[in-house]
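K.L.:
File name my_file-v4.tsv; file contents TSV, C-alpha atoms; full text below.
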```
chain	number	residue	atom	x	y	z
A	1	MET	CA	-35.37	-3.07	-24.85
A	2	ALA	CA	-32.38	-3.73	-27.12
A	3	LEU	CA	-30.94	-0.29	-26.32
A	4	THR	CA	-31.34	-0.96	-22.60
A	5	TYR	CA	-29.35	-4.18	-22.91
A	6	LEU	CA	-26.70	-2.41	-24.99
A	7	PHE	CA	-26.35	0.41	-22.50
A	8	TRP	CA	-26.15	-1.92	-19.50
A	9	GLY	CA	-23.79	-4.26	-21.32
A	10	SER	CA	-21.29	-1.50	-22.09
A	11	ILE	CA	-21.36	-0.22	-18.50
A	12	CYS	CA	-20.85	-3.73	-17.10
A	13	VAL	CA	-17.87	-4.40	-19.38
A	14	TYR	CA	-16.44	-1.02	-18.34
A	15	LEU	CA	-16.85	-2.03	-14.69
A	16	LEU	CA	-14.92	-5.25	-15.35
A	17	PHE	CA	-12.06	-3.22	-16.85
A	18	THR	CA	-11.94	-0.92	-13.82
A	19	LEU	CA	-11.78	-3.97	-11.54
A	20	TYR	CA	-8.88	-5.22	-13.68
A	21	PHE	CA	-7.06	-1.90	-13.20
A	22	THR	CA	-7.80	-1.74	-9.48
A	23	THR	CA	-6.57	-5.25	-8.70
A	24	GLY	CA	-3.49	-4.57	-10.83
A	25	LEU	CA	-2.71	-1.51	-8.70
A	26	HIS	CA	-2.75	-3.73	-5.62
A	27	ARG	CA	-0.27	-6.08	-7.30
A	28	LEU	CA	2.43	-3.39	-7.65
A	29	ARG	CA	5.51	-4.23	-5.60
A	30	ASN	CA	8.22	-2.12	-3.98
A	31	ASN	CA	11.66	-1.79	-5.55
A	32	SER	CA	14.51	-4.07	-4.54
A	33	THR	CA	18.16	-3.18	-3.99
A	34	PRO	CA	20.10	-3.83	-7.22
A	35	LYS	CA	23.22	-5.98	-7.29
A	36	TYR	CA	25.08	-3.17	-9.00
A	37	LEU	CA	24.42	0.32	-10.38
A	38	PRO	CA	24.60	0.38	-14.20
A	39	ARG	CA	25.73	3.31	-16.29
A	40	VAL	CA	22.76	5.58	-16.99
A	41	SER	CA	22.15	8.00	-19.84
A	42	VAL	CA	19.48	10.63	-19.28
A	43	VAL	CA	18.19	11.81	-22.66
A	44	VAL	CA	15.76	14.73	-22.88
A	45	ALA	CA	14.37	16.17	-26.12
A	46	VAL	CA	13.33	19.82	-25.79
A	47	ARG	CA	11.95	22.53	-28.00
A	48	ASN	CA	11.58	26.13	-26.81
A	49	GLU	CA	11.72	25.20	-23.11
A	50	ALA	CA	13.79	28.17	-21.91
A	51	SER	CA	11.23	29.06	-19.24
A	52	THR	CA	11.40	25.64	-17.51
A	53	LEU	CA	14.61	23.91	-18.61
A	54	GLN	CA	16.85	25.50	-16.00
A	55	GLU	CA	14.85	23.96	-13.15
A	56	LEU	CA	15.07	20.52	-14.75
A	57	LEU	CA	18.82	20.83	-15.30
A	58	ASN	CA	19.31	21.92	-11.70
A	59	ASN	CA	17.44	18.78	-10.63
A	60	LEU	CA	19.49	16.55	-12.93
A	61	VAL	CA	22.93	17.78	-11.87
A	62	GLN	CA	21.95	17.31	-8.20
A	63	GLN	CA	20.99	13.63	-8.56
A	64	ASP	CA	22.37	11.28	-5.90
A	65	TYR	CA	23.52	8.79	-8.55
A	66	PRO	CA	27.31	8.23	-8.93
A	67	LYS	CA	28.59	10.89	-11.34
A	68	GLY	CA	31.02	8.43	-12.92
A	69	LYS	CA	28.09	6.31	-14.04
A	70	LEU	CA	25.87	9.11	-15.32
A	71	ASP	CA	25.65	11.28	-18.41
A	72	ILE	CA	22.96	13.82	-19.23
A	73	THR	CA	22.16	14.68	-22.84
A	74	ILE	CA	19.76	17.49	-23.75
A	75	VAL	CA	18.72	17.64	-27.40
A	76	SER	CA	17.48	21.02	-28.61
A	77	ASP	CA	15.11	20.41	-31.51
A	78	ARG	CA	15.02	23.61	-33.61
A	79	SER	CA	14.54	25.83	-30.56
A	80	THR	CA	14.14	29.54	-31.31
A	81	ASP	CA	14.25	30.90	-27.76
A	82	GLY	CA	17.10	30.73	-25.24
A	83	THR	CA	16.99	26.95	-24.82
A	84	TRP	CA	20.31	26.25	-26.54
A	85	ASN	CA	22.12	28.94	-24.55
A	86	ILE	CA	20.93	27.37	-21.28
A	87	ILE	CA	22.13	23.93	-22.42
A	88	GLN	CA	25.56	25.35	-23.35
A	89	ASP	CA	25.89	27.08	-19.98
A	90	TYR	CA	25.26	23.86	-18.07
A	91	ALA	CA	27.50	21.82	-20.37
A	92	GLN	CA	30.37	24.18	-19.56
A	93	LEU	CA	29.73	23.99	-15.81
A	94	TYR	CA	29.05	20.26	-15.46
A	95	PRO	CA	31.11	17.52	-17.18
A	96	THR	CA	28.15	15.11	-17.07
A	97	VAL	CA	26.02	17.39	-19.28
A	98	GLN	CA	26.22	17.55	-23.06
A	99	GLY	CA	24.01	19.29	-25.60
A	100	ILE	CA	22.98	18.35	-29.12
A	101	LYS	CA	21.56	20.98	-31.45
A	102	ILE	CA	19.17	20.02	-34.26
A	103	GLU	CA	18.51	22.85	-36.69
A	104	ASN	CA	16.55	21.18	-39.49
A	105	SER	CA	13.62	18.79	-39.76
A	106	ASP	CA	13.91	15.36	-41.38
A	107	PRO	CA	11.09	13.92	-43.52
A	108	GLN	CA	12.22	10.41	-42.59
A	109	MET	CA	11.31	10.74	-38.89
A	110	THR	CA	9.04	12.97	-36.83
A	111	PRO	CA	10.83	15.60	-34.69
A	112	LYS	CA	10.70	14.25	-31.14
A	113	LYS	CA	11.54	10.68	-32.15
A	114	ARG	CA	14.44	12.00	-34.21
A	115	ALA	CA	15.70	14.13	-31.30
A	116	LEU	CA	15.55	11.21	-28.88
A	117	THR	CA	17.24	8.92	-31.40
A	118	HIS	CA	20.10	11.40	-31.87
A	119	GLY	CA	20.55	11.67	-28.12
A	120	ILE	CA	20.52	7.91	-27.56
A	121	GLU	CA	23.04	7.37	-30.36
A	122	LYS	CA	25.46	9.82	-28.70
A	123	THR	CA	25.37	8.03	-25.34
A	124	ASN	CA	26.43	4.61	-24.06
A	125	GLY	CA	24.48	4.05	-20.85
A	126	GLU	CA	23.11	0.58	-20.22
A	127	VAL	CA	19.88	2.19	-19.01
A	128	ILE	CA	18.26	5.16	-20.76
A	129	ILE	CA	15.98	7.45	-18.75
A	130	SER	CA	13.84	10.20	-20.23
A	131	THR	CA	11.64	13.04	-19.06
A	132	ASP	CA	10.33	16.27	-20.58
A	133	GLY	CA	11.81	19.74	-20.51
A	134	ASP	CA	8.95	21.18	-18.44
A	135	CYS	CA	9.28	18.62	-15.64
A	136	SER	CA	10.96	18.66	-12.25
A	137	VAL	CA	12.47	15.51	-10.76
A	138	PRO	CA	13.54	14.67	-7.17
A	139	ALA	CA	17.16	14.03	-6.20
A	140	GLY	CA	16.60	10.28	-5.96
A	141	TRP	CA	14.83	9.96	-9.31
A	142	ILE	CA	17.54	8.16	-11.28
A	143	ARG	CA	18.50	5.80	-8.46
A	144	SER	CA	14.87	4.89	-7.84
A	145	MET	CA	14.17	4.20	-11.52
A	146	VAL	CA	17.26	1.98	-11.72
A	147	GLU	CA	16.22	0.09	-8.57
A	148	ALA	CA	12.88	-0.74	-10.21
A	149	PHE	CA	14.64	-2.99	-12.74
A	150	ASP	CA	14.77	-6.74	-12.18
A	151	ASP	CA	17.05	-8.98	-14.23
A	152	ASP	CA	14.35	-9.56	-16.86
A	153	THR	CA	12.92	-6.03	-16.88
A	154	GLY	CA	13.24	-4.15	-20.15
A	155	ILE	CA	11.23	-1.02	-19.37
A	156	VAL	CA	10.07	0.87	-16.28
A	157	VAL	CA	7.21	3.37	-16.31
A	158	GLY	CA	7.28	6.01	-13.59
A	159	ARG	CA	4.63	8.13	-11.94
A	160	SER	CA	4.20	11.78	-12.86
A	161	THR	CA	1.60	14.31	-11.84
A	162	ILE	CA	0.40	17.79	-12.72
A	163	ASP	CA	1.71	20.80	-10.80
A	164	THR	CA	-1.35	22.27	-9.04
A	165	THR	CA	0.44	24.80	-6.83
A	166	LYS	CA	-1.34	27.69	-8.58
A	167	HIS	CA	-4.65	26.30	-7.25
A	168	SER	CA	-6.41	26.70	-10.60
A	169	PHE	CA	-9.51	24.54	-11.09
A	170	LEU	CA	-8.35	23.66	-14.62
A	171	HIS	CA	-5.03	22.49	-13.19
A	172	TYR	CA	-6.80	20.36	-10.56
A	173	TYR	CA	-9.03	18.91	-13.27
A	174	GLN	CA	-6.01	18.02	-15.41
A	175	GLY	CA	-4.36	16.42	-12.40
A	176	LEU	CA	-7.39	14.24	-11.73
A	177	ASP	CA	-7.80	13.31	-15.38
A	178	PHE	CA	-4.11	12.45	-15.69
A	179	LEU	CA	-4.31	10.40	-12.49
A	180	GLY	CA	-7.04	8.30	-14.09
A	181	ILE	CA	-4.86	7.62	-17.13
A	182	MET	CA	-1.79	6.83	-15.04
A	183	ALA	CA	-3.64	4.64	-12.54
A	184	ALA	CA	-5.14	2.57	-15.36
A	185	ASN	CA	-1.73	2.13	-16.98
A	186	ALA	CA	-0.16	1.22	-13.64
A	187	GLY	CA	-2.92	-1.31	-13.02
A	188	VAL	CA	-2.30	-2.97	-16.38
A	189	ILE	CA	1.44	-3.09	-15.63
A	190	GLY	CA	0.60	-4.67	-12.28
A	191	TRP	CA	-0.67	-7.63	-14.32
A	192	GLY	CA	2.58	-7.73	-16.30
A	193	GLN	CA	1.12	-6.12	-19.42
A	194	GLY	CA	2.08	-2.87	-21.17
A	195	TRP	CA	-0.48	-0.51	-22.67
A	196	SER	CA	1.06	2.93	-22.41
A	197	GLY	CA	3.16	5.26	-20.29
A	198	SER	CA	4.34	8.82	-20.14
A	199	GLY	CA	7.55	10.16	-21.64
A	200	GLN	CA	7.72	12.40	-18.58
A	201	ASN	CA	9.06	9.47	-16.54
A	202	ILE	CA	10.27	6.38	-18.35
A	203	ALA	CA	13.39	4.18	-18.35
A	204	TYR	CA	14.46	1.28	-20.54
A	205	ARG	CA	17.49	-0.87	-21.22
A	206	ARG	CA	19.51	0.05	-24.29
A	207	LYS	CA	19.46	-3.58	-25.45
A	208	ALA	CA	15.65	-3.54	-25.31
A	209	PHE	CA	15.51	-0.30	-27.32
A	210	GLU	CA	17.84	-1.76	-29.93
A	211	HIS	CA	15.89	-5.05	-29.94
A	212	VAL	CA	12.75	-3.23	-31.16
A	213	ASN	CA	14.83	-1.24	-33.69
A	214	GLY	CA	14.40	2.04	-31.83
A	215	PHE	CA	11.76	4.36	-33.23
A	216	GLN	CA	12.22	3.20	-36.82
A	217	PRO	CA	8.98	1.15	-36.95
A	218	VAL	CA	6.97	4.30	-36.08
A	219	ALA	CA	9.27	6.92	-37.59
A	220	GLN	CA	6.42	8.71	-39.38
A	221	ARG	CA	3.90	8.60	-36.53
A	222	ARG	CA	3.43	12.11	-35.14
A	223	SER	CA	2.69	11.09	-31.57
A	224	GLY	CA	2.84	8.11	-29.22
A	225	ASP	CA	6.57	7.39	-28.93
A	226	ASP	CA	6.10	6.49	-25.25
A	227	MET	CA	3.15	4.18	-25.97
A	228	TYR	CA	5.12	2.49	-28.73
A	229	LEU	CA	8.11	1.83	-26.45
A	230	VAL	CA	5.93	0.42	-23.67
A	231	GLN	CA	4.03	-1.91	-25.98
A	232	SER	CA	6.92	-3.08	-28.14
A	233	ILE	CA	9.48	-3.62	-25.37
A	234	SER	CA	7.01	-5.31	-23.00
A	235	LYS	CA	6.26	-7.97	-25.63
A	236	ASP	CA	9.73	-9.51	-25.22
A	237	PHE	CA	10.94	-8.09	-21.89
A	238	GLY	CA	9.50	-7.59	-18.43
A	239	ILE	CA	7.77	-4.33	-17.51
A	240	LYS	CA	7.52	-2.61	-14.12
A	241	PHE	CA	5.72	0.43	-12.74
A	242	ASN	CA	7.74	2.46	-10.24
A	243	ALA	CA	5.48	3.66	-7.41
A	244	ASP	CA	8.40	4.73	-5.19
A	245	PRO	CA	7.89	8.36	-4.02
A	246	ALA	CA	11.60	9.04	-4.65
A	247	SER	CA	10.90	8.76	-8.38
A	248	PHE	CA	7.80	10.97	-8.62
A	249	VAL	CA	8.00	13.57	-11.40
A	250	ILE	CA	6.00	16.81	-11.56
A	251	THR	CA	5.01	18.28	-14.92
A	252	GLN	CA	3.51	21.64	-15.84
A	253	PRO	CA	-0.18	21.89	-16.79
A	254	VAL	CA	-1.62	23.62	-19.81
A	255	ASN	CA	-3.35	26.87	-18.98
A	256	THR	CA	-6.45	27.00	-21.18
A	257	VAL	CA	-9.33	24.67	-21.96
A	258	LYS	CA	-8.40	24.86	-25.65
A	259	GLU	CA	-4.86	23.65	-24.92
A	260	PHE	CA	-6.21	20.87	-22.70
A	261	ILE	CA	-8.61	19.60	-25.37
A	262	ASN	CA	-5.85	19.77	-28.00
A	263	GLN	CA	-3.49	17.78	-25.77
A	264	ARG	CA	-6.07	15.08	-25.04
A	265	THR	CA	-7.02	14.93	-28.73
A	266	ARG	CA	-3.36	14.38	-29.61
A	267	TRP	CA	-3.14	11.57	-27.08
A	268	SER	CA	-6.38	10.08	-28.41
A	269	SER	CA	-4.95	10.02	-31.94
A	270	ASN	CA	-2.59	7.24	-30.86
A	271	SER	CA	-5.54	4.84	-30.79
A	272	ARG	CA	-5.58	4.75	-34.60
A	273	SER	CA	-2.72	2.24	-34.65
A	274	LEU	CA	-3.92	0.01	-31.81
A	275	TRP	CA	-5.76	-2.45	-34.03
A	276	GLN	CA	-2.29	-3.53	-35.18
A	277	THR	CA	-0.54	-3.51	-31.80
A	278	ASN	CA	-2.91	-4.11	-28.87
A	279	ILE	CA	-6.51	-5.19	-29.48
A	280	PHE	CA	-7.28	-5.49	-25.76
A	281	PHE	CA	-6.29	-1.85	-25.18
A	282	LEU	CA	-8.32	-0.78	-28.22
A	283	PHE	CA	-11.33	-2.72	-26.92
A	284	PHE	CA	-11.15	-0.82	-23.63
A	285	LEU	CA	-10.98	2.55	-25.43
A	286	VAL	CA	-14.00	1.61	-27.55
A	287	ILE	CA	-15.94	0.58	-24.43
A	288	ALA	CA	-14.97	3.83	-22.67
A	289	PHE	CA	-16.10	5.80	-25.73
A	290	ILE	CA	-19.43	3.93	-25.87
A	291	CYS	CA	-20.07	4.34	-22.13
A	292	ASN	CA	-19.49	8.08	-22.17
A	293	SER	CA	-21.54	8.48	-25.34
A	294	VAL	CA	-24.36	6.48	-23.71
A	295	LEU	CA	-24.32	8.78	-20.68
A	296	LEU	CA	-24.59	11.76	-23.02
A	297	ILE	CA	-27.34	10.64	-25.41
A	298	GLY	CA	-29.30	8.24	-23.19
A	299	TRP	CA	-31.14	11.09	-21.49
A	300	PHE	CA	-32.76	12.01	-24.80
A	301	ILE	CA	-34.04	8.52	-25.67
A	302	LYS	CA	-37.46	7.67	-24.25
A	303	GLN	CA	-36.73	3.94	-23.84
A	304	THR	CA	-33.57	4.51	-21.77
A	305	VAL	CA	-34.05	7.74	-19.85
A	306	PHE	CA	-35.40	5.91	-16.78
A	307	ILE	CA	-32.18	3.87	-16.35
A	308	MET	CA	-29.76	6.77	-16.87
A	309	PRO	CA	-29.34	7.77	-13.19
A	310	LEU	CA	-28.38	4.20	-12.27
A	311	LEU	CA	-26.03	3.91	-15.26
A	312	PHE	CA	-24.34	7.17	-14.31
A	313	ILE	CA	-23.91	6.11	-10.68
A	314	THR	CA	-22.51	2.73	-11.76
A	315	LYS	CA	-19.92	4.36	-14.00
A	316	MET	CA	-19.08	6.91	-11.33
A	317	ILE	CA	-18.40	4.11	-8.84
A	318	SER	CA	-16.34	2.25	-11.45
A	319	ASP	CA	-14.17	5.30	-12.09
A	320	GLY	CA	-13.90	5.93	-8.36
A	321	LEU	CA	-12.44	2.47	-7.79
A	322	VAL	CA	-9.53	3.30	-10.09
A	323	LEU	CA	-9.06	6.93	-9.11
A	324	PHE	CA	-9.17	6.54	-5.33
A	325	THR	CA	-7.07	3.37	-5.39
A	326	GLY	CA	-4.59	5.16	-7.66
A	327	SER	CA	-4.69	8.20	-5.39
A	328	ALA	CA	-3.68	6.09	-2.39
A	329	ARG	CA	-1.11	3.97	-4.24
A	330	LEU	CA	0.54	6.85	-6.12
A	331	ASN	CA	0.24	9.48	-3.38
A	332	ILE	CA	-1.84	11.93	-5.43
A	333	PRO	CA	-4.65	13.50	-3.35
A	334	ILE	CA	-8.13	13.96	-4.82
A	335	ARG	CA	-10.56	16.73	-3.90
A	336	THR	CA	-14.11	15.33	-3.80
A	337	LYS	CA	-15.64	18.31	-5.61
A	338	ASP	CA	-13.12	17.93	-8.45
A	339	TYR	CA	-14.04	14.26	-8.78
A	340	LEU	CA	-17.76	15.07	-8.98
A	341	ILE	CA	-17.22	17.73	-11.66
A	342	TRP	CA	-14.83	15.44	-13.55
A	343	SER	CA	-17.46	12.68	-13.54
A	344	LEU	CA	-20.06	15.05	-14.99
A	345	ALA	CA	-17.67	16.31	-17.66
A	346	GLN	CA	-16.47	12.90	-18.92
A	347	PRO	CA	-19.53	12.20	-21.12
A	348	LEU	CA	-19.07	15.58	-22.76
A	349	TYR	CA	-15.38	15.61	-23.57
A	350	ILE	CA	-14.44	11.92	-24.05
A	351	PRO	CA	-16.61	11.41	-27.17
A	352	TYR	CA	-15.36	14.70	-28.61
A	353	VAL	CA	-11.63	14.05	-28.18
A	354	GLY	CA	-12.14	10.46	-29.32
A	355	ILE	CA	-13.67	11.53	-32.62
A	356	MET	CA	-11.25	14.41	-33.16
A	357	GLY	CA	-8.28	12.18	-32.32
A	358	LEU	CA	-9.35	9.59	-34.90
A	359	ALA	CA	-9.63	12.41	-37.42
A	360	GLY	CA	-6.15	13.70	-36.50
A	361	GLN	CA	-7.54	17.13	-35.66
A	362	PHE	CA	-4.93	18.46	-33.27
A	363	ARG	CA	-2.14	21.01	-33.33
A	364	TRP	CA	1.41	19.96	-32.45
A	365	LYS	CA	3.52	22.07	-30.11
A	366	GLU	CA	5.26	24.97	-31.82
```
Produce structure tokens that represent the structure in this file.
P.N.:
Amino acid sequence: MALTYLFWGSICVYLLFTLYFTTGLHRLRNNSTPKYLPRVSVVVAVRNEASTLQELLNNLVQQDYPKGKLDITIVSDRSTDGTWNIIQDYAQLYPTVQGIKIENSDPQMTPKKRALTHGIEKTNGEVIISTDGDCSVPAGWIRSMVEAFDDDTGIVVGRSTIDTTKHSFLHYYQGLDFLGIMAANAGVIGWGQGWSGSGQNIAYRRKAFEHVNGFQPVAQRRSGDDMYLVQSISKDFGIKFNADPASFVITQPVNTVKEFINQRTRWSSNSRSLWQTNIFFLFFLVIAFICNSVLLIGWFIKQTVFIMPLLFITKMISDGLVLFTGSARLNIPIRTKDYLIWSLAQPLYIPYVGIMGLAGQFRWKE
């Protein structure tokens, strides 16, 4: 009987969280027209992105933002392919583009944080916008991200999605899984709180970045620079989620199940510091871990097996509230068969990546 109460209790708390996310998504508001356009610095840290960087740079130099108020800085972090040559070519062709080359590691700060810090220090934009080297951005991206700022806003989190044009099931699965993460984060931001975001599409005021002392407080943390910025800046400044289609970023998927699990394990590892920074977020992750573990082991326990179908359906409906609301609000279509398979897979992979993330068992990008 005690196990039955525990199982139902965890599912009910999970349902309350999904209602919190869903109502937050409905609270998101459209951008307003700014009183003026501030100077913007786009800072992108890349490592061995020769195969995708040219597309991103083409997107950046074709932005509809005033060129006199824009600079683009690409930081090559110990790249060993043709990344630096591509950066140099664009810097020679376009006055708004500059490159920074990092050739050695620094024990005082992890590589990506160090690369971003170098880039930010070499720029003077009032607003800093970042993405990743394997992303593509629309022509109105910068303008839309700027328009999301109110007077009290310190950070804006943008929407990004997985490129599924190759019609691979693994790519569709990643897209659906990433939508769940993004919709939950957007829902939290709809309530004026900041849990996390994606470095693929993020903007913040320089004064807010300097207020939290940049990346220095987490200089040794291997991952989670975007989560740190969202949480630290939103404590003292306003936070917005930009759901404007003109700002939507597309990122490349990983191509194997092994890479996918490694990526999610790396993301999961960020939870190890949450007990110091955001207990509410940590509580949700614990509940999500328990729920998925329950749906995995409950079938093998005599006292609970009879309630498992109802528990599974309840969780499936809870997830559907967030995913389908997020799909409509963020303009990311969902295929029903992908959602059904995703729902079945959650109890298998969530407990695994949760445990491996806590143990730090992931491989960083080479």
K.L.:
Which residues, written as an MDAnalysis selection string, have at least one atom at most 10 Å from A:Ile202, with only C-alpha atoms counted and residues fewer than 3 positions away on the same chain left out?
P.N.:
chainID A and resid 128:131 145 155:160 197:199 226 229:230 241:242
K.L.:
I'd like to know which of A:Lys337, A:Lys240, A:Arg266, A:Lys302 is closest to A:Arg27, using only C-alpha atoms.
P.N.:
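Result for the nearest residue to A:Arg27: A:Lys240.
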K.L.:
Around stretch 29-42 of chain A, fit a box with edges along x, y and z, padding it by 5 Å on each side, then list its centre and edge lengths in Å to one decimal as lines of an AutoDock Vina configuration file.
P.N.:
```
center_x = 15.6
center_y = 2.3
center_z = -11.9
size_x = 30.2
size_y = 26.6
size_z = 25.9
```
K.L.:
Neighbouring residues of A:Asn31 were defined as those with any atom within 12 Å, considering all atoms listed in the file; residues of the same chain fewer than 2 positions away were excluded. Please report them as a list in words.
P.N.:
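Selected residues are Leu28, Arg29, Thr33, Pro34, Arg143, Ser144, Met145, Val146, Glu147, Ala148, Phe149, Asp150, Val156, Lys240, Phe241, Asn242, Ala243, Asp244, Pro245, Ala246 and Ser247 of chain A.
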K.L.:
Hey, can you pull every residue with an atom no more than 12 Å from (-14.9, -3.8, -13.9), using all atoms listed in the file, and send it as an mmCIF file with C-alpha atoms, in the frame of the given file?
P.N.:
```cif
data_model
loop_
_atom_site.group_PDB
_atom_site.id
_atom_site.type_symbol
_atom_site.label_atom_id
_atom_site.label_comp_id
_atom_site.auth_asym_id
_atom_site.auth_seq_id
_atom_site.Cartn_x
_atom_site.Cartn_y
_atom_site.Cartn_z
ATOM 1 C CA GLY A 9 -23.790 -4.260 -21.320
ATOM 2 C CA SER A 10 -21.290 -1.500 -22.090
ATOM 3 C CA ILE A 11 -21.360 -0.220 -18.500
ATOM 4 C CA CYS A 12 -20.850 -3.730 -17.100
ATOM 5 C CA VAL A 13 -17.870 -4.400 -19.380
ATOM 6 C CA TYR A 14 -16.440 -1.020 -18.340
ATOM 7 C CA LEU A 15 -16.850 -2.030 -14.690
ATOM 8 C CA LEU A 16 -14.920 -5.250 -15.350
ATOM 9 C CA PHE A 17 -12.060 -3.220 -16.850
ATOM 10 C CA THR A 18 -11.940 -0.920 -13.820
ATOM 11 C CA LEU A 19 -11.780 -3.970 -11.540
ATOM 12 C CA TYR A 20 -8.880 -5.220 -13.680
ATOM 13 C CA PHE A 21 -7.060 -1.900 -13.200
ATOM 14 C CA THR A 22 -7.800 -1.740 -9.480
ATOM 15 C CA THR A 23 -6.570 -5.250 -8.700
ATOM 16 C CA GLY A 24 -3.490 -4.570 -10.830
ATOM 17 C CA ALA A 184 -5.140 2.570 -15.360
ATOM 18 C CA PHE A 284 -11.150 -0.820 -23.630
ATOM 19 C CA ILE A 287 -15.940 0.580 -24.430
ATOM 20 C CA ALA A 288 -14.970 3.830 -22.670
ATOM 21 C CA THR A 314 -22.510 2.730 -11.760
ATOM 22 C CA LYS A 315 -19.920 4.360 -14.000
ATOM 23 C CA MET A 316 -19.080 6.910 -11.330
ATOM 24 C CA ILE A 317 -18.400 4.110 -8.840
ATOM 25 C CA SER A 318 -16.340 2.250 -11.450
ATOM 26 C CA ASP A 319 -14.170 5.300 -12.090
ATOM 27 C CA GLY A 320 -13.900 5.930 -8.360
ATOM 28 C CA LEU A 321 -12.440 2.470 -7.790
ATOM 29 C CA VAL A 322 -9.530 3.300 -10.090
#
```
K.L.:
Using all atoms listed in the file, find the one residue out of A:Ile307, A:Leu56, A:Ala328, A:Leu358 that sits nearest to A:Tyr5.
P.N.:
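Looking only at the distances to A:Tyr5, the closest residue turns out to be A:Ile307.
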K.L.:
Which polymer residues have any atom within 9 Å of an atom of stretch 274-277 of chain A, counting all atoms listed in the file, with same-chain residues fewer than 5 positions away left out, as an mmCIF file with C-alpha atoms, keeping the file's coordinate frame?
P.N.:
```
data_model
loop_
_atom_site.group_PDB
_atom_site.id
_atom_site.type_symbol
_atom_site.label_atom_id
_atom_site.label_comp_id
_atom_site.auth_asym_id
_atom_site.auth_seq_id
_atom_site.Cartn_x
_atom_site.Cartn_y
_atom_site.Cartn_z
ATOM 1 C CA TYR A 228 5.120 2.490 -28.730
ATOM 2 C CA GLN A 231 4.030 -1.910 -25.980
ATOM 3 C CA SER A 232 6.920 -3.080 -28.140
ATOM 4 C CA LEU A 282 -8.320 -0.780 -28.220
#
```
K.L.:
In Å, rounded to a single decimal, give me how far atom CA of A:Arg114 is from atom CA of A:Tyr90.
P.N.:
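We find that atom CA of A:Tyr90 and atom CA of A:Arg114 lie 22.8 Å from each other.
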K.L.:
Using all atoms listed in the file for the distances, tell me which of A:Val137, A:Ile86, A:Ala186, A:Leu170 is nearest to A:Thr325.
P.N.:
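Looking at the shortest contact to A:Thr325, the residue is A:Ala186.
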K.L.:
Kindly give the distance, in Å, that separates atom CA of A:Asn270 and atom CA of A:Ile102, rounded to a single decimal.
P.N.:
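Computing the Euclidean distance for atom CA of A:Asn270 and atom CA of A:Ile102 yields 25.5 Å.
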K.L.:
What gap, in Å, lies between atom CA of A:Asp134 and atom CA of A:Pro253?
P.N.:
9.3 Å
K.L.:
Please determine, counting all atoms listed in the file, which residue among A:Gln216, A:Ser105, A:Thr73, A:Ser196 has the shortest atom-to-atom distance to A:Ala91.
P.N.:
A:Thr73
K.L.:
Name the residues in contact with A:Met308 at a cut-off of 9 Å, using only C-alpha atoms, excluding same-chain residues fewer than 4 positions from it; report them as a ChimeraX atom specification.
P.N.:
/A:294-295,298-299,304,312-313
K.L.:
Taking 2 positions as the minimum chain separation for residues in the same chain, which residues sit within 12 Å of stretch 254-261 of chain A when counting only C-alpha atoms? Answer as a ChimeraX atom specification.
P.N.:
/A:134,162-164,166-175,177-178,251-252,263-268,348-357,361-365
K.L.:
I need the residue nearest A:Glu210 from this list: A:Gly238, A:Gly190, A:Asn262, A:Glu126. Use all atoms listed in the file for the distance.
P.N.:
A:Glu126
K.L.:
If I put a ball of radius 10 Å at (26.6, -0.4, -10.5) in the file's coordinates, which residues poke into it when counting only C-alpha atoms, written as a list in words?
P.N.:
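Checked against the point, the hits come out as Pro34, Lys35, Tyr36, Leu37, Pro38, Arg39, Val40, Tyr65, Pro66, Lys69 and Val146 of chain A.
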